[in-house]
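Structure data (compact mmCIF, C-alpha atoms) from run17.txt:
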# COMPACT_ATOMS: atom_id res chain seq x y z
CA CYS V 1 67.85 45.84 -6.91
CA LEU V 2 70.94 43.98 -8.05
CA LEU V 3 72.54 45.70 -11.01
CA GLU V 4 73.64 43.52 -13.90
CA LYS V 5 77.28 44.08 -12.95
CA LYS V 6 76.63 42.61 -9.50
CA ARG V 7 74.61 39.69 -10.84
CA THR V 8 77.39 38.84 -13.29
CA LYS V 9 80.01 39.07 -10.56
CA TYR V 10 78.12 36.80 -8.18
CA ALA V 11 77.32 34.29 -10.92
CA ALA V 12 81.02 34.18 -11.83
CA ALA V 13 81.88 33.51 -8.17
CA ILE V 14 79.50 30.53 -8.17
CA ALA V 15 81.04 29.20 -11.39
CA GLU V 16 84.55 29.59 -9.97
CA TRP V 17 83.49 27.78 -6.79
CA GLY V 18 82.19 24.86 -8.84
CA GLU V 19 85.57 24.35 -10.48
CA LYS V 20 87.06 23.07 -7.20
CA ARG V 21 86.03 20.07 -5.13
CA THR V 22 87.11 21.47 -1.76
CA HIS V 23 87.22 24.94 -0.17
CA ASN V 24 88.66 26.54 2.94
CA LEU V 25 86.99 28.93 5.37
CA LEU V 26 87.96 32.14 3.55
CA GLU V 27 86.65 30.90 0.20
CA THR V 28 83.39 29.84 1.86
CA GLN V 29 83.04 33.18 3.62
CA GLN V 30 83.60 35.10 0.40
CA LEU V 31 80.90 33.25 -1.54
CA TYR V 32 78.49 33.23 1.39
CA GLY V 33 78.92 36.99 1.88
CA LYS V 34 78.06 37.71 -1.74
CA LEU V 35 74.93 35.56 -1.71
CA LEU V 36 73.82 36.83 1.70
CA HIS V 37 74.03 40.34 0.27
CA ALA V 38 72.03 39.25 -2.78
CA SER V 39 69.33 37.75 -0.52
CA LEU V 40 68.42 41.27 0.60
CA VAL V 41 66.90 41.63 -2.86
CA ILE V 42 66.25 37.96 -3.74
CA SER V 43 64.49 37.19 -0.47
CA PRO V 44 63.76 33.46 -1.09
CA GLY V 45 67.53 33.00 -1.40
CA ARG V 46 67.91 33.10 2.37
CA ALA V 47 66.64 29.51 2.54
CA TYR V 48 69.25 28.44 -0.02
CA LEU V 49 72.23 29.43 2.15
CA THR V 50 71.86 26.79 4.87
CA ASN V 51 74.40 24.39 3.37
CA LEU V 52 77.01 27.12 3.08
CA GLU V 53 76.25 28.07 6.69
CA ALA V 54 76.81 24.45 7.74
CA MET V 55 80.13 24.51 5.90
CA LEU V 56 81.15 27.73 7.66
CA ALA V 57 80.58 25.97 10.97
CA SER V 58 82.59 22.90 9.95
CA CYS V 59 85.50 25.05 8.70
CA HIS V 60 85.62 27.24 11.80
CA ASP V 61 88.02 25.11 13.86
CA ARG V 62 90.38 24.42 10.95
CA PRO V 63 90.15 27.49 8.70
CA PHE V 64 93.06 26.65 6.38
CA LEU V 65 92.11 23.01 5.76
CA PRO V 66 90.09 22.46 2.56
CA HIS V 67 86.64 20.97 3.21
CA THR V 68 84.16 19.22 0.95
CA PRO V 69 80.83 21.10 0.70
CA PRO V 70 77.67 19.40 2.03
CA ARG V 71 75.95 17.08 -0.42
CA ASP V 72 73.07 19.47 -1.11
CA ALA V 73 75.23 22.57 -1.60
CA PRO V 74 75.59 22.19 -5.42
CA GLY V 75 71.81 22.15 -5.78
CA ASP V 76 71.51 25.33 -3.74
CA LEU V 77 74.15 27.06 -5.85
CA GLU V 78 72.43 25.90 -9.02
CA TRP V 79 69.27 27.63 -7.76
CA TRP V 80 71.29 30.78 -7.08
CA ALA V 81 72.94 30.69 -10.51
CA HIS V 82 69.51 30.43 -12.14
CA ARG V 83 68.13 33.39 -10.17
CA LEU V 84 71.19 35.51 -10.87
CA SER V 85 70.85 34.83 -14.59
CA GLN V 86 67.49 36.63 -14.55
CA PRO V 87 66.98 40.40 -14.41
CA SER V 88 66.64 41.57 -10.82
CA THR V 89 63.15 42.60 -9.75
CA PRO V 90 63.34 45.78 -7.65
CA ARG V 91 62.40 45.28 -4.01
CA PRO V 92 61.13 48.21 -1.92
CA ILE V 93 63.32 49.30 1.00
CA PRO V 94 61.54 47.95 4.12
CA GLU V 95 59.51 50.49 6.05
CA PRO V 96 56.94 50.27 8.84
CA ARG V 97 53.80 48.61 7.50
CA PRO V 98 50.50 47.72 9.16
CA LEU V 99 50.09 44.00 9.72
CA VAL V 100 46.77 42.44 8.76
CA ASP V 101 45.61 40.10 11.51
CA TYR V 102 43.18 37.41 10.31
CA GLU V 103 43.41 35.64 13.69
CA ALA V 104 45.33 32.89 11.92
CA TYR V 105 46.83 30.09 14.01
CA SER V 106 48.48 26.74 13.29
CA ASP V 107 49.48 23.89 15.57
CA ALA V 108 50.62 20.28 15.39
CA SER V 109 50.59 17.26 17.69
CA SER V 110 52.94 14.35 17.00
CA GLY V 111 50.31 11.91 18.22
CA VAL V 112 47.35 13.33 16.31
CA GLY V 113 47.93 15.71 13.42
CA ILE V 114 47.90 19.30 12.19
CA ALA V 115 45.25 21.99 12.55
CA ILE V 116 44.73 25.58 11.47
CA THR V 117 42.18 28.18 12.54
CA VAL V 118 41.37 31.48 10.85
CA GLY V 119 38.79 33.43 12.82
CA PRO V 120 35.84 31.08 13.35
CA ARG V 121 36.97 28.64 10.62
CA TRP V 122 39.12 25.59 11.24
CA ARG V 123 40.57 22.60 9.38
CA ALA V 124 42.54 19.58 10.58
CA TRP V 125 44.59 16.78 9.03
CA ARG V 126 45.78 13.52 10.58
CA LEU V 127 49.44 12.56 10.33
CA VAL V 128 49.84 9.19 8.64
CA PRO V 129 51.83 6.36 10.27
CA GLY V 130 55.54 6.54 9.48
CA TRP V 131 55.61 10.31 9.04
CA LYS V 132 58.56 10.53 11.44
CA SER V 133 61.30 9.55 8.98
CA GLN V 134 63.96 11.13 6.75
CA GLY V 135 64.62 13.84 9.35
CA ARG V 136 60.97 14.81 9.82
CA ASP V 137 59.99 15.59 13.41
CA ILE V 138 57.49 17.76 15.29
CA GLN V 139 59.16 20.92 14.01
CA TRP V 140 58.53 19.77 10.44
CA ALA V 141 54.88 19.03 11.30
CA GLU V 142 54.54 22.51 12.80
CA ALA V 143 56.11 23.97 9.65
CA VAL V 144 53.62 22.13 7.45
CA GLY V 145 50.82 23.57 9.60
CA PHE V 146 52.32 27.00 8.95
CA GLU V 147 52.40 26.24 5.21
CA LEU V 148 48.77 25.09 5.13
CA LEU V 149 47.79 28.25 7.00
CA VAL V 150 49.63 30.45 4.48
CA LEU V 151 48.04 28.60 1.56
CA TYR V 152 44.58 29.49 2.87
CA LEU V 153 45.51 33.08 3.72
CA LEU V 154 46.72 33.61 0.16
CA THR V 155 43.16 32.95 -1.04
CA ILE V 156 41.51 35.55 1.21
CA SER V 157 44.16 38.31 1.38
CA SER V 158 45.05 41.03 -1.10
CA GLU V 159 48.25 41.73 -3.03
CA GLY V 160 50.84 43.67 -1.10
CA GLU V 161 49.47 42.73 2.31
CA HIS V 162 51.72 42.03 5.29
CA ILE V 163 50.02 39.22 7.16
CA LYS V 164 50.43 38.22 10.81
CA VAL V 165 50.25 34.51 11.70
CA TYR V 166 50.64 32.71 15.02
CA GLY V 167 52.34 29.47 16.02
CA ASP V 168 53.76 27.89 19.17
CA ASN V 169 56.92 26.23 17.85
CA ARG V 170 59.99 28.40 18.40
CA GLY V 171 61.98 26.68 15.65
CA VAL V 172 59.32 27.63 13.10
CA VAL V 173 58.29 31.03 14.45
CA GLU V 174 61.82 32.35 15.03
CA GLY V 175 63.29 30.43 12.09
CA TRP V 176 60.94 32.33 9.80
CA TRP V 177 62.36 35.62 11.07
CA LYS V 178 65.55 34.83 9.15
CA ARG V 179 63.68 32.86 6.44
CA SER V 180 65.68 29.65 6.94
CA SER V 181 66.05 26.63 9.21
CA ALA V 182 68.98 24.34 9.98
CA ASN V 183 66.44 21.49 10.01
CA LYS V 184 66.43 20.33 6.37
CA PRO V 185 62.77 19.17 6.11
CA THR V 186 61.62 22.40 7.78
CA ASN V 187 63.81 24.44 5.45
CA GLN V 188 62.21 22.72 2.46
CA VAL V 189 58.82 23.90 3.74
CA PHE V 190 60.18 27.43 4.15
CA ARG V 191 61.38 27.37 0.55
CA ARG V 192 57.89 26.53 -0.69
CA ILE V 193 56.30 29.27 1.42
CA LEU V 194 58.85 31.83 0.23
CA GLN V 195 58.20 30.93 -3.39
CA LEU V 196 54.44 31.18 -2.86
CA SER V 197 54.51 34.47 -0.98
CA GLU V 198 56.89 36.02 -3.53
CA SER V 199 54.76 34.94 -6.50
CA ARG V 200 51.57 36.22 -4.85
CA ASP V 201 53.10 39.46 -3.52
CA ARG V 202 52.42 38.82 0.17
CA VAL V 203 54.72 39.14 3.18
CA VAL V 204 54.14 36.76 6.08
CA HIS V 205 55.15 37.68 9.65
CA THR V 206 55.24 35.08 12.43
Encoded form (structure tokens):
Amino acid sequence: CLLEKKRTKYAAAIAEWGEKRTHNLLETQQLYGKLLHASLVISPGRAYLTNLEAMLASCHDRPFLPHTPPRDAPGDLEWWAHRLSQPSTPRPIPEPRPLVDYEAYSDASSGVGIAITVGPRWRAWRLVPGWKSQGRDIQWAEAVGFELLVLYLLTISSEGEHIKVYGDNRGVVEGWWKRSSANKPTNQVFRRILQLSESRDRVVHT
């Protein structure tokens, strides 16, 4: 868990960051490193580091030049400040665990819609016209299929279970391994799934 001393230190680093409008590579690395460390305990936080990661990439070629953070970065840091203001819930050190396989699959087709199957059961939804907008693409649709699958699995699984799910989109399947996506709409879906799985004490493996 994060001791109160650590939580206070990291929260102070966020407050100090917010006092400046621009930051160089070293300053970005220092804050990112603290929050990446905290995400080992606050696991949903991994999906709230993508804007800092984008800033690290933009600062790489000119490390001493101050850069303006991405537009959504303040909102991410506000989320972090809120979580760090709360007592840290202990998280078990990861160890080998059996994965429960419900034969759960999700898939999406840009021309048709989204479907999930769990054993012999299935459900499908049609994508409405105009869904491809505001950065949404087939990866987002696949991520929503993943989310719908998790929503159902939460109703039939038990607390503490590690659940195996299947998908065929690399951006979603492998993105979930690190609990974040550079694709903003997909990352928003990941955030919802992380919040759900944390609140219901489940761990989802793709």
Counting all atoms listed in the file, note down every residue that has an atom within 9 Å of the point (47.8, 42.6, 8.8) (file coordinates), as a PDB file with C-alpha atoms, in the coordinates of the input.
ATOM      1  CA  ARG V  97      53.800  48.610   7.500  1.00  0.00           C
ATOM      2  CA  PRO V  98      50.500  47.720   9.160  1.00  0.00           C
ATOM      3  CA  LEU V  99      50.090  44.000   9.720  1.00  0.00           C
ATOM      4  CA  VAL V 100      46.770  42.440   8.760  1.00  0.00           C
ATOM      5  CA  ASP V 101      45.610  40.100  11.510  1.00  0.00           C
ATOM      6  CA  TYR V 102      43.180  37.410  10.310  1.00  0.00           C
ATOM      7  CA  GLU V 161      49.470  42.730   2.310  1.00  0.00           C
ATOM      8  CA  HIS V 162      51.720  42.030   5.290  1.00  0.00           C
ATOM      9  CA  ILE V 163      50.020  39.220   7.160  1.00  0.00           C
ATOM     10  CA  LYS V 164      50.430  38.220  10.810  1.00  0.00           C
ATOM     11  CA  VAL V 165      50.250  34.510  11.700  1.00  0.00           C
ATOM     12  CA  HIS V 205      55.150  37.680   9.650  1.00  0.00           C
TER      13      HIS V 205
END
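Restricting the calculation to all atoms listed in the file, the smallest distance between Ile116 (chain V) and any of V:Glu159, V:Arg62, V:Leu153, V:Glu95 is found for V:Leu153.
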Problem set entry | CA of Asn51 (chain V) to CA of Asp72 (chain V), straight-line distance in Å | 6.8 Å
Exercise. Can you list, as a PyMOL selection string, every protein, DNA or RNA residue that comes within 6 Å of Cys1 (chain V) when you count only C-alpha atoms, leaving out same-chain residues fewer than 3 positions away?
Worked result: chain V and resi 41+88+90
For this session: Between V:Gln29, V:Asn24, V:Thr8, V:Ser43, single out the one closest to Arg191 (chain V), counting all atoms listed in the file.
Result: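 The closest residue to Arg191 (chain V) is V:Ser43.
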Exercise. For Ser109 (chain V), which of V:Glu142, V:Glu4, V:Glu198, V:Asp76 is the closest residue, counting all atoms listed in the file?
Worked result: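 Going through V:Glu142, V:Glu4, V:Glu198, V:Asp76 one by one, the smallest distance to Ser109 (chain V) is for V:Glu142.
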Problem set entry | Minimum-distance residue to Val150 (chain V), chosen among V:Gly167, V:Gly75, V:Pro185, V:Pro94 (using all atoms listed in the file) |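 Distance minimum relative to Val150 (chain V) lands on V:Gly167.
Taking CA of Glu16 (chain V) as the reference point, CA of Thr68 (chain V) is found at 15.1 Å.
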Problem set entry | Spatial neighbours of Lys34 (chain V), 10 Å, all atoms listed in the file, chain gap at least 2 places, as a VMD selection string | chain V and resid 6 to 7 9 to 11 13 to 14 29 to 32 36 to 39
Keeping only C-alpha atoms, write the selected residues as a short mmCIF file (atom, residue, chain, number, x, y, z; two decimals), in the coordinates of the input.
data_model
loop_
_atom_site.label_atom_id
_atom_site.label_comp_id
_atom_site.auth_asym_id
_atom_site.auth_seq_id
_atom_site.Cartn_x
_atom_site.Cartn_y
_atom_site.Cartn_z
CA LYS V 6 76.63 42.61 -9.50
CA ARG V 7 74.61 39.69 -10.84
CA LYS V 9 80.01 39.07 -10.56
CA TYR V 10 78.12 36.80 -8.18
CA ALA V 11 77.32 34.29 -10.92
CA ALA V 13 81.88 33.51 -8.17
CA ILE V 14 79.50 30.53 -8.17
CA GLN V 29 83.04 33.18 3.62
CA GLN V 30 83.60 35.10 0.40
CA LEU V 31 80.90 33.25 -1.54
CA TYR V 32 78.49 33.23 1.39
CA LEU V 36 73.82 36.83 1.70
CA HIS V 37 74.03 40.34 0.27
CA ALA V 38 72.03 39.25 -2.78
CA SER V 39 69.33 37.75 -0.52
#
For this session: For each of V:Lys5, V:Lys132, V:His23, V:Lys184, take the minimum atom-to-atom distance to Pro63 (chain V), counting only C-alpha atoms, then give the residue where this is smallest.
Result: V:His23
